[in-house]
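To start, the structure itself, in structure tokens.
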There are 2 protein chains.
Amino acid sequence: MAKQTITIYDVAREAGVSMATVSRVVNGNPNVKPVTRKKVNEVIERLDYHPNAVARGLASKRSTTIGVILPDITQMFFASLARGIDDIASMYKYNIILENSDEDVDKKVEVLENLQAKQVDGIIYMGNAVDDRLREAFKAARTPVVFAGSVDDKNTLPSVSIDNKAAVYEAVNKLIDNKNKKIAFISGPLSEPVNGKFRLEGYRLALSEAKVDYDENLVFETSNTYEDGVKLASEIASTTGVTAAFVANDSLAVGLLNGLQDLGVKVPEDFEIISSNNTSLTKMVRPQISSIGHPMYDTGAVAMRLLTKLMNKEEVEERNITLPFDMVFRQSTK
Amino acid sequence: MAKQTITIYDVAREAGVSMATVSRVVNGNPNVKPVTRKKVNEVIERLDYHPNAVARGLASKRSTTIGVILPDITQMFFASLARGIDDIASMYKYNIILENSDEDVDKKVEVLENLQAKQVDGIIYMGNAVDDRLREAFKAARTPVVFAGSVDDKNTLPSVSIDNKAAVYEAVNKLIDNKNKKIAFISGPLSEPVNGKFRLEGYRLALSEAKVDYDENLVFETSNTYEDGVKLASEIASTTGVTAAFVANDSLAVGLLNGLQDLGVKVPEDFEIISSNNTSLTKMVRPQISSIGHPMYDTGAVAMRLLTKLMNKEEVEERNITLPFDMVFRQSTK
DNA sequence: TGAAAATTTGATAACGTATTCATGGCAATG
DNA sequence: CATTGCCATGAATACGTTATCAAATTTTCA
């Protein structure tokens, strides 16, 4: 009963054909007479033959596996993207190798080499900071790479994301419309282009259009965690005149919200908040948080679809895809 | 400049040794003279040689890849487990292929076959319902399988989890101590052993020890979503006499909490809640929710460690590992 | 110093598939 | 009926490694 691995060769023998023919049947090659195809398929069924994907990969140089590099799968934003990726990937019969990078450059490069060794057919990269070393490694890679949820600010690589500048611009405009004079910008590391470049640009644009001077004391750089949001609350509360904030991450926003409320600040009466991403968190807290609706699942799905095209060497009309976002207003804004 | 793949053969030629020796160096085989090792390593460095993992897998029949099957990566519970798994996996140089099963039996079986074809060295299974067909497939698999976060109720497969019965027993005891007479049991599908068997047993044990009759009208079966928690609130509120609930999932508990509060029910004054898992959600809502502290990350990590042992055919003292849990009391209980 | 033992090394055969190229058969064509 | 051309098939090889076993080299020790 020792499960002897049965190979294409066994099938060939049983069916009285050559292994080449079996291979053709398995791969759906049309050049095989219906009769033989049927015969081979019966044997395959009877022997319960399953092609060995590793041998296949070696022979064909394609692994039907793609690599997904992300900072941390426990962050809802990335998990949602990953889910979108996986659904489309399995639709196209690809598997996903997941790698948590913790936004650590050395780890990213290591992980990338690892993925290459495993002969992945393509890579989806999520994360914000793109170090030059990594960018070079991506370019040198024999395999296509797609950015999901962020763009390479040098814009040299395919990507799928929303227009973060426009989104923040809208959000801040809303806060301006609500008569807020001093509006804080709160985000993770400004070294990450999505924060330090795109979002901040949207923020500044909205301010300047409203003839409000940009004040860098209103820009708060922190991490994306709930805890840091809570901590930040007292600092925000003691900054005179600030009555609203754009917060670049939902967890962070929830932390700030709770922290402020614990200090007796009333939201939205005394302070308005708009966050980014519109994860389920925004609906779970009270007051519910207004947020930029980021199509997370779709971003992953579209990125994966784009990757299939690139892997297939199809012509692609646009390598940098911008998905629409929407604004979801809830109780944290007036 | 066309990146010609360089093989072990190139290295051998350059270094003036046989490919066997190069292979030995690469794999850290001690039977190679330090001088040759040095020479080979220099060539490897110079040519920037990277072993092809696929060819390696074919020759050695080991892929240094493991499969992870889980219901849905966007659920925090599973994401946390996955993170623990991945960290230990990469510590042992394994990669992870992720598969979302959506708790669909057909999909699970398909996914399992897929993983086998890819020659994974081991599998970690998360999820609650274990269908007979799947169990048989697991047993027939040539590769070890470890359950993480749940146990096969037939107890035939290795697993890592907490003692859910004891945990719920403690939770319900707390509610009993707080003078609650009618305590609801709210969970996802009772067909899943973790709910219908272990947790329910803990609930019933606590009740019977307190000489409280078991009332099946107090057992609510739903899904694990926030939305269903909200919906359930009115039903709970209209069930006369119920003043507390054990809720098997944090999202569900948050939904219930918000739903009840929207109906004017005061928590914990009028109604007490203890949830399970103690994910970050429990701290983000107000009042914060008391919860069973489930060591999610550790469960994943330990499961992966156990799997490495099994893959390595090491002797394992205990195939069914029970991790300790703790009770975290917050404002949703008196 | 010489033989035996231990250590290093190399040649070669798997691993299980895809692919190329040659060939045989058969239908269509004149 | 002979010829052309196409379709279906098979033989052989490549993919890049690991693993086995024998050969070569070095070390040990009497």
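Residues are referred to by chain and number: the chain letter is A, B, ... according to the order shown in the structure tokens, the number counts from 1 in that chain, and ligands are numbered separately from 1 in the order shown.
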Residue neighbourhood stretch 13-25 of chain C, 7 Å, only C-alpha atoms (C1' of nucleotides), exclusion window fewer than 3 positions, as a list of chain:residue names: A:Thr7, A:Asn52, A:Ala55, A:Arg56, A:Ala59, A:Ser60, B:Leu58, B:Ala59
Write the residues you've just listed into a file as a JSON list (two decimals), in the first residue's frame, and include C-alpha atoms for each of them.
[["chain", "number", "residue", "atom", "x", "y", "z"],
["A", 7, "THR", "CA", 4.45, 8.93, -13.38],
["A", 52, "ASN", "CA", 4.40, 16.48, -10.86],
["A", 55, "ALA", "CA", 9.29, 18.26, -12.86],
["A", 56, "ARG", "CA", 6.99, 20.25, -15.01],
["A", 59, "ALA", "CA", 11.15, 21.07, -18.02],
["A", 60, "SER", "CA", 9.05, 24.05, -19.01],
["B", 58, "LEU", "CA", 13.08, 17.38, -8.44],
["B", 59, "ALA", "CA", 16.38, 15.75, -7.59]]
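Using only C-alpha atoms (C1' of nucleotides), the contacts of A:Ser332 at a cut-off of 9 Å, with sequence neighbours closer than 6 positions omitted, comprise Leu257, Val267, Pro268, Glu269, Phe271, Glu272, Ile273, Ile274, Arg286, Pro287, Gln288, Ile289 and Ser290 of chain A.
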Please produce a file of those selected residues containing C-alpha atoms, as a compact mmCIF listing (two decimals), in the first residue's frame.
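Wrote it out as out.txt, contents follow:
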# COMPACT_ATOMS: atom_id res chain seq x y z
CA LEU A 257 -10.18 58.80 17.95
CA VAL A 267 -15.74 63.94 17.76
CA PRO A 268 -16.91 65.40 15.44
CA GLU A 269 -18.05 68.47 17.42
CA PHE A 271 -12.53 67.51 16.20
CA GLU A 272 -13.13 65.91 12.82
CA ILE A 273 -11.33 62.93 11.41
CA ILE A 274 -11.09 61.43 7.97
CA ARG A 286 -18.17 55.01 17.64
CA PRO A 287 -18.44 57.48 16.16
CA GLN A 288 -17.89 55.72 12.89
CA ILE A 289 -15.05 57.16 10.91
CA SER A 290 -15.32 58.91 7.57
Exercise: A:Arg135 partners within 12 Å, only C-alpha atoms (C1' of nucleotides), chain neighbours under 2 positions left out, as a ChimeraX atom specification: /A:105,108-109,112,125,129-133,137-141,145-147,151-157
For N, CA and C atoms, I'd like the residues from the last selection saved as a CSV table (one decimal), in the first residue's frame.
chain,number,residue,atom,x,y,z
A,105,VAL,N,14.7,46.4,4.2
A,105,VAL,CA,15.3,46.3,2.8
A,105,VAL,C,16.1,45.0,2.6
A,108,LYS,N,13.8,42.2,2.1
A,108,LYS,CA,13.2,42.3,0.8
A,108,LYS,C,14.1,41.7,-0.3
A,109,VAL,N,15.3,42.1,-0.3
A,109,VAL,CA,16.3,41.6,-1.3
A,109,VAL,C,16.5,40.1,-1.2
A,112,LEU,N,13.4,38.3,-2.4
A,112,LEU,CA,13.4,38.4,-3.8
A,112,LEU,C,14.3,37.3,-4.5
A,125,TYR,N,4.4,43.1,-5.7
A,125,TYR,CA,5.0,43.8,-4.6
A,125,TYR,C,4.1,44.8,-3.9
A,129,ALA,N,8.1,51.9,0.9
A,129,ALA,CA,9.4,52.4,0.6
A,129,ALA,C,10.0,51.4,-0.5
A,130,VAL,N,10.5,52.1,-1.6
A,130,VAL,CA,11.3,51.3,-2.6
A,130,VAL,C,12.7,51.8,-2.6
A,131,ASP,N,13.5,51.1,-2.1
A,131,ASP,CA,14.9,51.4,-2.0
A,131,ASP,C,15.5,51.2,-3.4
A,132,ASP,N,16.6,51.9,-3.7
A,132,ASP,CA,17.2,51.8,-5.0
A,132,ASP,C,17.7,50.4,-5.3
A,133,ARG,N,18.3,49.8,-4.3
A,133,ARG,CA,18.8,48.5,-4.4
A,133,ARG,C,17.7,47.5,-4.9
A,137,ALA,N,17.1,45.4,-8.3
A,137,ALA,CA,16.9,43.9,-8.3
A,137,ALA,C,15.7,43.6,-9.1
A,138,PHE,N,14.6,44.4,-9.0
A,138,PHE,CA,13.4,44.2,-9.7
A,138,PHE,C,13.6,44.2,-11.2
A,139,LYS,N,14.4,45.2,-11.6
A,139,LYS,CA,14.6,45.4,-13.0
A,139,LYS,C,15.5,44.2,-13.6
A,140,ALA,N,16.4,43.8,-12.8
A,140,ALA,CA,17.3,42.7,-13.2
A,140,ALA,C,16.5,41.4,-13.2
A,141,ALA,N,15.4,41.3,-12.5
A,141,ALA,CA,14.7,40.1,-12.5
A,141,ALA,C,14.2,39.6,-13.8
A,145,VAL,N,7.2,42.2,-12.6
A,145,VAL,CA,6.8,42.6,-11.3
A,145,VAL,C,5.7,43.7,-11.4
A,146,VAL,N,4.7,43.5,-10.5
A,146,VAL,CA,3.6,44.5,-10.5
A,146,VAL,C,3.5,45.1,-9.1
A,147,PHE,N,3.4,46.4,-9.0
A,147,PHE,CA,3.2,47.0,-7.7
A,147,PHE,C,1.7,47.0,-7.4
A,151,VAL,N,2.8,52.9,-5.9
A,151,VAL,CA,3.5,53.0,-7.1
A,151,VAL,C,4.9,53.2,-6.8
A,152,ASP,N,5.7,52.8,-7.7
A,152,ASP,CA,7.1,53.1,-7.7
A,152,ASP,C,7.2,54.6,-8.0
A,153,ASP,N,7.7,55.5,-7.1
A,153,ASP,CA,7.6,56.9,-7.4
A,153,ASP,C,8.4,57.3,-8.6
A,154,LYS,N,9.4,56.5,-8.9
A,154,LYS,CA,10.2,56.8,-10.2
A,154,LYS,C,9.4,56.3,-11.4
A,155,ASN,N,8.3,55.6,-11.1
A,155,ASN,CA,7.4,55.3,-12.1
A,155,ASN,C,7.9,54.4,-13.3
A,156,THR,N,8.8,53.5,-12.9
A,156,THR,CA,9.4,52.7,-13.9
A,156,THR,C,8.8,51.3,-14.0
A,157,LEU,N,8.0,51.0,-13.0
A,157,LEU,CA,7.5,49.6,-12.9
A,157,LEU,C,5.9,49.6,-13.0
Kindly provide the residues of chain D that approach chain B to within 7 Å, each paired with its closest atom pair and their distance in Å to one decimal, based on only C-alpha atoms (C1' of nucleotides), listed by chain and increasing number, as JSON lines.
{"residue": "D:DG16", "atom": "C1'", "partner": "B:Ala55", "partner_atom": "CA", "distance": 4.9}
{"residue": "D:DT17", "atom": "C1'", "partner": "B:Arg56", "partner_atom": "CA", "distance": 4.6}
{"residue": "D:DT18", "atom": "C1'", "partner": "B:Ala59", "partner_atom": "CA", "distance": 5.0}
Mind writing the picked residues with N, CA and C atoms (P, O5', C5', C4', C3', O3' and C1' of nucleotides) as a compact mmCIF listing (two decimals), in the first residue's frame?
# COMPACT_ATOMS: atom_id res chain seq x y z
P DG D 16 18.86 24.93 -17.08
O5' DG D 16 19.28 24.44 -15.62
C5' DG D 16 18.44 24.76 -14.53
C4' DG D 16 18.80 23.89 -13.37
C3' DG D 16 20.27 23.97 -12.95
O3' DG D 16 20.30 24.20 -11.56
C1' DG D 16 19.59 21.73 -13.19
P DT D 17 21.59 24.47 -10.75
O5' DT D 17 21.48 23.37 -9.71
C5' DT D 17 21.29 22.91 -8.76
C4' DT D 17 20.48 21.62 -8.54
C3' DT D 17 21.22 20.67 -7.64
O3' DT D 17 20.86 21.00 -6.30
C1' DT D 17 20.09 19.53 -9.43
P DT D 18 21.77 20.41 -5.14
O5' DT D 18 21.29 18.89 -5.05
C5' DT D 18 19.99 18.59 -4.60
C4' DT D 18 19.79 17.08 -4.59
C3' DT D 18 20.67 16.34 -3.59
O3' DT D 18 19.87 15.33 -3.01
C1' DT D 18 21.06 15.51 -5.77
Filtered DSSP result for stretch 91-283 of chain B, state strand (DSSP E or B), as a PyMOL selection string: chain B and resi 95-100+122-125+145-148+159-162+182-187+219-221+242-247+272-277
Length of the atom CA of B:Asp262 to atom CA of B:Ala245 vector [Å]: 17.1 Å
Chain B residues near chain A within 8 Å, closest pair each, using only C-alpha atoms, as CSV:
residue,atom,partner,partner_atom,distance
B:Lys3,CA,A:Arg142,CA,7.7
B:His50,CA,A:Ala117,CA,6.7
B:Pro51,CA,A:Ala117,CA,6.5
B:Asn52,CA,A:Ala117,CA,5.1
B:Ala53,CA,A:Lys118,CA,4.9
B:Val54,CA,A:Lys118,CA,5.9
B:Ala55,CA,A:Leu58,CA,5.9
B:Gly57,CA,A:Val54,CA,6.7
B:Leu58,CA,A:Ala55,CA,5.9
B:Asp72,CA,A:Arg83,CA,7.7
B:Ile73,CA,A:Ala79,CA,6.1
B:Thr74,CA,A:Ala79,CA,5.1
B:Met76,CA,A:Thr74,CA,6.5
B:Ala79,CA,A:Thr74,CA,5.1
B:Ser80,CA,A:Thr74,CA,5.7
B:Ala82,CA,A:Ile73,CA,7.8
B:Arg83,CA,A:Ile73,CA,6.6
B:Asp86,CA,A:Asn100,CA,7.6
B:Asn95,CA,A:Ile97,CA,6.8
B:Ile96,CA,A:Ile97,CA,5.5
B:Ile97,CA,A:Ile97,CA,4.5
B:Leu98,CA,A:Ile96,CA,5.9
B:Glu99,CA,A:Asp86,CA,7.6
B:Asn100,CA,A:Asp86,CA,7.6
B:Ala117,CA,A:Asn52,CA,5.1
B:Lys118,CA,A:Ala53,CA,4.9
B:Gln119,CA,A:Val54,CA,6.9
B:Arg142,CA,A:Lys3,CA,7.6
B:Val254,CA,A:Met284,CA,7.0
B:Gly255,CA,A:Met284,CA,7.4
B:Asn258,CA,A:Met284,CA,7.5
B:Met284,CA,A:Val254,CA,6.9
B:Val285,CA,A:Val285,CA,5.5
B:Arg286,CA,A:Val285,CA,7.5
Please provide as an mmCIF file with N, CA and C atoms, in the first residue's frame all residues within 10 Å of stretch 294-305 of chain A, with the sequence filter that same-chain residues fewer than 5 positions apart are discarded (counting only C-alpha atoms (C1' of nucleotides)).
data_model
loop_
_atom_site.group_PDB
_atom_site.id
_atom_site.type_symbol
_atom_site.label_atom_id
_atom_site.label_comp_id
_atom_site.auth_asym_id
_atom_site.auth_seq_id
_atom_site.Cartn_x
_atom_site.Cartn_y
_atom_site.Cartn_z
ATOM 1 N N ILE A 66 3.442 32.417 -8.273
ATOM 2 C CA ILE A 66 3.905 33.793 -8.241
ATOM 3 C C ILE A 66 4.266 34.164 -6.804
ATOM 4 N N MET A 76 -4.793 44.634 7.896
ATOM 5 C CA MET A 76 -5.987 44.395 7.088
ATOM 6 C C MET A 76 -5.847 44.863 5.650
ATOM 7 N N PHE A 77 -5.226 46.003 5.465
ATOM 8 C CA PHE A 77 -5.057 46.536 4.117
ATOM 9 C C PHE A 77 -4.348 45.534 3.215
ATOM 10 N N PHE A 78 -3.270 44.979 3.688
ATOM 11 C CA PHE A 78 -2.511 44.054 2.868
ATOM 12 C C PHE A 78 -3.206 42.701 2.751
ATOM 13 N N ALA A 79 -3.888 42.306 3.815
ATOM 14 C CA ALA A 79 -4.611 41.039 3.759
ATOM 15 C C ALA A 79 -5.705 41.099 2.690
ATOM 16 N N SER A 80 -6.369 42.250 2.621
ATOM 17 C CA SER A 80 -7.430 42.392 1.622
ATOM 18 C C SER A 80 -6.856 42.350 0.212
ATOM 19 N N LEU A 81 -5.775 43.027 0.016
ATOM 20 C CA LEU A 81 -5.117 42.982 -1.284
ATOM 21 C C LEU A 81 -4.722 41.545 -1.616
ATOM 22 N N ALA A 82 -4.150 40.892 -0.638
ATOM 23 C CA ALA A 82 -3.687 39.518 -0.857
ATOM 24 C C ALA A 82 -4.838 38.614 -1.254
ATOM 25 N N ARG A 83 -5.976 38.879 -0.646
ATOM 26 C CA ARG A 83 -7.138 38.049 -0.968
ATOM 27 C C ARG A 83 -7.558 38.244 -2.427
ATOM 28 N N GLY A 84 -7.538 39.499 -2.853
ATOM 29 C CA GLY A 84 -7.868 39.772 -4.247
ATOM 30 C C GLY A 84 -6.879 39.110 -5.187
ATOM 31 N N ILE A 85 -5.630 39.189 -4.829
ATOM 32 C CA ILE A 85 -4.590 38.558 -5.641
ATOM 33 C C ILE A 85 -4.835 37.058 -5.736
ATOM 34 N N ASP A 86 -5.053 36.456 -4.585
ATOM 35 C CA ASP A 86 -5.185 34.996 -4.562
ATOM 36 C C ASP A 86 -6.376 34.515 -5.378
ATOM 37 N N ASP A 87 -7.477 35.247 -5.288
ATOM 38 C CA ASP A 87 -8.668 34.803 -6.010
ATOM 39 C C ASP A 87 -8.426 34.794 -7.512
ATOM 40 N N ILE A 88 -7.821 35.861 -8.003
ATOM 41 C CA ILE A 88 -7.540 35.901 -9.446
ATOM 42 C C ILE A 88 -6.447 34.897 -9.801
ATOM 43 N N ALA A 89 -5.481 34.793 -8.939
ATOM 44 C CA ALA A 89 -4.396 33.845 -9.197
ATOM 45 C C ALA A 89 -4.941 32.433 -9.350
ATOM 46 N N MET A 91 -7.848 31.570 -10.116
ATOM 47 C CA MET A 91 -8.650 31.530 -11.340
ATOM 48 C C MET A 91 -7.769 31.185 -12.544
ATOM 49 N N TYR A 92 -6.566 31.697 -12.531
ATOM 50 C CA TYR A 92 -5.625 31.419 -13.618
ATOM 51 C C TYR A 92 -4.667 30.276 -13.291
ATOM 52 N N TYR A 94 -2.695 29.824 -10.848
ATOM 53 C CA TYR A 94 -1.418 30.129 -10.225
ATOM 54 C C TYR A 94 -1.510 29.947 -8.720
ATOM 55 N N GLY A 122 6.163 35.333 -11.721
ATOM 56 C CA GLY A 122 5.901 36.757 -11.605
ATOM 57 C C GLY A 122 5.883 37.147 -10.136
ATOM 58 N N ILE A 123 5.914 38.450 -9.881
ATOM 59 C CA ILE A 123 5.967 38.928 -8.503
ATOM 60 C C ILE A 123 5.018 40.103 -8.330
ATOM 61 N N ILE A 124 4.285 40.081 -7.234
ATOM 62 C CA ILE A 124 3.505 41.261 -6.876
ATOM 63 C C ILE A 124 4.106 41.858 -5.621
ATOM 64 N N TYR A 125 4.384 43.122 -5.711
ATOM 65 C CA TYR A 125 5.042 43.797 -4.605
ATOM 66 C C TYR A 125 4.097 44.797 -3.950
ATOM 67 N N MET A 126 3.973 44.652 -2.630
ATOM 68 C CA MET A 126 3.218 45.652 -1.881
ATOM 69 C C MET A 126 4.138 46.247 -0.840
ATOM 70 N N VAL A 145 7.184 42.186 -12.619
ATOM 71 C CA VAL A 145 6.831 42.637 -11.275
ATOM 72 C C VAL A 145 5.706 43.654 -11.386
ATOM 73 N N VAL A 146 4.708 43.534 -10.532
ATOM 74 C CA VAL A 146 3.644 44.529 -10.483
ATOM 75 C C VAL A 146 3.520 45.064 -9.065
ATOM 76 N N PHE A 147 3.441 46.369 -8.952
ATOM 77 C CA PHE A 147 3.192 46.991 -7.655
ATOM 78 C C PHE A 147 1.690 47.021 -7.412
ATOM 79 N N ALA A 148 1.297 46.643 -6.213
ATOM 80 C CA ALA A 148 -0.128 46.700 -5.886
ATOM 81 C C ALA A 148 -0.344 47.599 -4.683
ATOM 82 N N GLY A 149 -1.208 48.578 -4.835
ATOM 83 C CA GLY A 149 -1.548 49.444 -3.716
ATOM 84 C C GLY A 149 -0.561 50.573 -3.523
ATOM 85 N N SER A 150 0.473 50.576 -4.329
ATOM 86 C CA SER A 150 1.400 51.690 -4.261
ATOM 87 C C SER A 150 2.090 51.774 -5.614
ATOM 88 N N PRO A 158 5.341 48.563 -13.513
ATOM 89 C CA PRO A 158 3.878 48.457 -13.606
ATOM 90 C C PRO A 158 3.251 48.541 -12.216
ATOM 91 N N SER A 159 2.070 49.105 -12.140
ATOM 92 C CA SER A 159 1.452 49.260 -10.827
ATOM 93 C C SER A 159 -0.060 49.383 -10.927
ATOM 94 N N VAL A 160 -0.707 49.106 -9.820
ATOM 95 C CA VAL A 160 -2.148 49.318 -9.700
ATOM 96 C C VAL A 160 -2.392 50.008 -8.369
ATOM 97 N N SER A 161 -3.039 51.150 -8.409
ATOM 98 C CA SER A 161 -3.308 51.850 -7.152
ATOM 99 C C SER A 161 -4.349 52.928 -7.380
ATOM 100 N N ILE A 162 -4.706 53.604 -6.307
ATOM 101 C CA ILE A 162 -5.603 54.741 -6.485
ATOM 102 C C ILE A 162 -4.758 56.004 -6.589
ATOM 103 N N ASP A 163 -5.398 57.093 -6.937
ATOM 104 C CA ASP A 163 -4.717 58.387 -6.984
ATOM 105 C C ASP A 163 -4.750 58.971 -5.579
ATOM 106 N N ASN A 164 -3.723 58.663 -4.811
ATOM 107 C CA ASN A 164 -3.714 59.072 -3.411
ATOM 108 C C ASN A 164 -3.720 60.587 -3.247
ATOM 109 N N ALA A 167 -7.234 61.714 -3.669
ATOM 110 C CA ALA A 167 -8.072 61.256 -2.565
ATOM 111 C C ALA A 167 -7.890 62.142 -1.343
ATOM 112 N N SER A 276 -7.986 56.915 5.941
ATOM 113 C CA SER A 276 -7.820 56.328 4.619
ATOM 114 C C SER A 276 -7.933 54.817 4.671
ATOM 115 N N ASN A 277 -8.583 54.286 3.683
ATOM 116 C CA ASN A 277 -8.706 52.858 3.373
ATOM 117 C C ASN A 277 -10.100 52.267 3.582
ATOM 118 N N ASN A 278 -10.822 52.850 4.545
ATOM 119 C CA ASN A 278 -12.193 52.381 4.764
ATOM 120 C C ASN A 278 -12.269 50.874 5.026
ATOM 121 N N THR A 279 -11.378 50.402 5.868
ATOM 122 C CA THR A 279 -11.488 48.995 6.286
ATOM 123 C C THR A 279 -12.662 48.863 7.245
ATOM 124 N N LEU A 310 1.284 40.283 -18.325
ATOM 125 C CA LEU A 310 2.725 40.489 -18.493
ATOM 126 C C LEU A 310 3.457 39.154 -18.596
ATOM 127 N N MET A 311 3.050 38.207 -17.784
ATOM 128 C CA MET A 311 3.702 36.896 -17.819
ATOM 129 C C MET A 311 3.459 36.231 -19.165
ATOM 130 N N ASN A 320 0.477 51.428 -15.809
ATOM 131 C CA ASN A 320 0.209 52.026 -14.511
ATOM 132 C C ASN A 320 -1.275 52.320 -14.381
ATOM 133 N N ILE A 321 -1.960 51.439 -13.720
ATOM 134 C CA ILE A 321 -3.413 51.521 -13.642
ATOM 135 C C ILE A 321 -3.841 52.270 -12.391
ATOM 136 N N THR A 322 -4.742 53.228 -12.566
ATOM 137 C CA THR A 322 -5.285 53.955 -11.429
ATOM 138 C C THR A 322 -6.746 53.565 -11.239
ATOM 139 N N LEU A 323 -7.056 53.050 -10.090
ATOM 140 C CA LEU A 323 -8.428 52.632 -9.805
ATOM 141 C C LEU A 323 -9.186 53.770 -9.122
ATOM 142 N N PRO A 324 -10.492 53.839 -9.320
ATOM 143 C CA PRO A 324 -11.256 54.896 -8.660
ATOM 144 C C PRO A 324 -11.433 54.605 -7.165
ATOM 145 N N PHE A 325 -11.522 55.686 -6.416
ATOM 146 C CA PHE A 325 -11.809 55.561 -4.982
ATOM 147 C C PHE A 325 -13.110 56.292 -4.718
ATOM 148 N N ASP A 326 -13.663 56.145 -3.533
ATOM 149 C CA ASP A 326 -14.799 57.001 -3.196
ATOM 150 C C ASP A 326 -14.638 57.522 -1.783
ATOM 151 N N MET A 327 -15.444 58.492 -1.459
ATOM 152 C CA MET A 327 -15.377 59.064 -0.126
ATOM 153 C C MET A 327 -16.582 58.575 0.660
ATOM 154 N N VAL A 328 -16.317 58.012 1.818
ATOM 155 C CA VAL A 328 -17.413 57.523 2.646
ATOM 156 C C VAL A 328 -17.495 58.380 3.899
#
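Proximity to chain C was assessed for B:Val247, B:Val32, B:Val40, B:Leu205 counting only C-alpha atoms (C1' of nucleotides); the smallest distance is recorded for B:Val32.
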Residue nearest chain C among A:Glu216, A:Asp10, A:Glu221, A:Asp250 (counting only C-alpha atoms (C1' of nucleotides)): A:Asp10
Do a neighbour search on stretch 4-6 of chain C at 10 Å with only C-alpha atoms (C1' of nucleotides), toss out local chain neighbours closer than 3 positions, and write the hits as an mmCIF file with C-alpha atoms (C1' of nucleotides), in the first residue's frame.
data_model
loop_
_atom_site.group_PDB
_atom_site.id
_atom_site.type_symbol
_atom_site.label_atom_id
_atom_site.label_comp_id
_atom_site.auth_asym_id
_atom_site.auth_seq_id
_atom_site.Cartn_x
_atom_site.Cartn_y
_atom_site.Cartn_z
ATOM 1 C "C1'" DT D 26 45.683 11.903 1.815
ATOM 2 C "C1'" DT D 27 46.428 10.536 6.499
ATOM 3 C "C1'" DT D 28 47.495 7.280 10.080
ATOM 4 C "C1'" DC D 29 50.133 4.079 12.369
#
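Atom to atom, atom CA of A:Asn29 and atom CA of A:Asn312 stand 17.6 Å apart.
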Nearby residues (only C-alpha atoms (C1' of nucleotides)) at most 10 Å from B:Pro189, same-chain spacing under 3 positions excluded, as a PyMOL selection string: chain B and resi 128-129+186+192-196+220-224
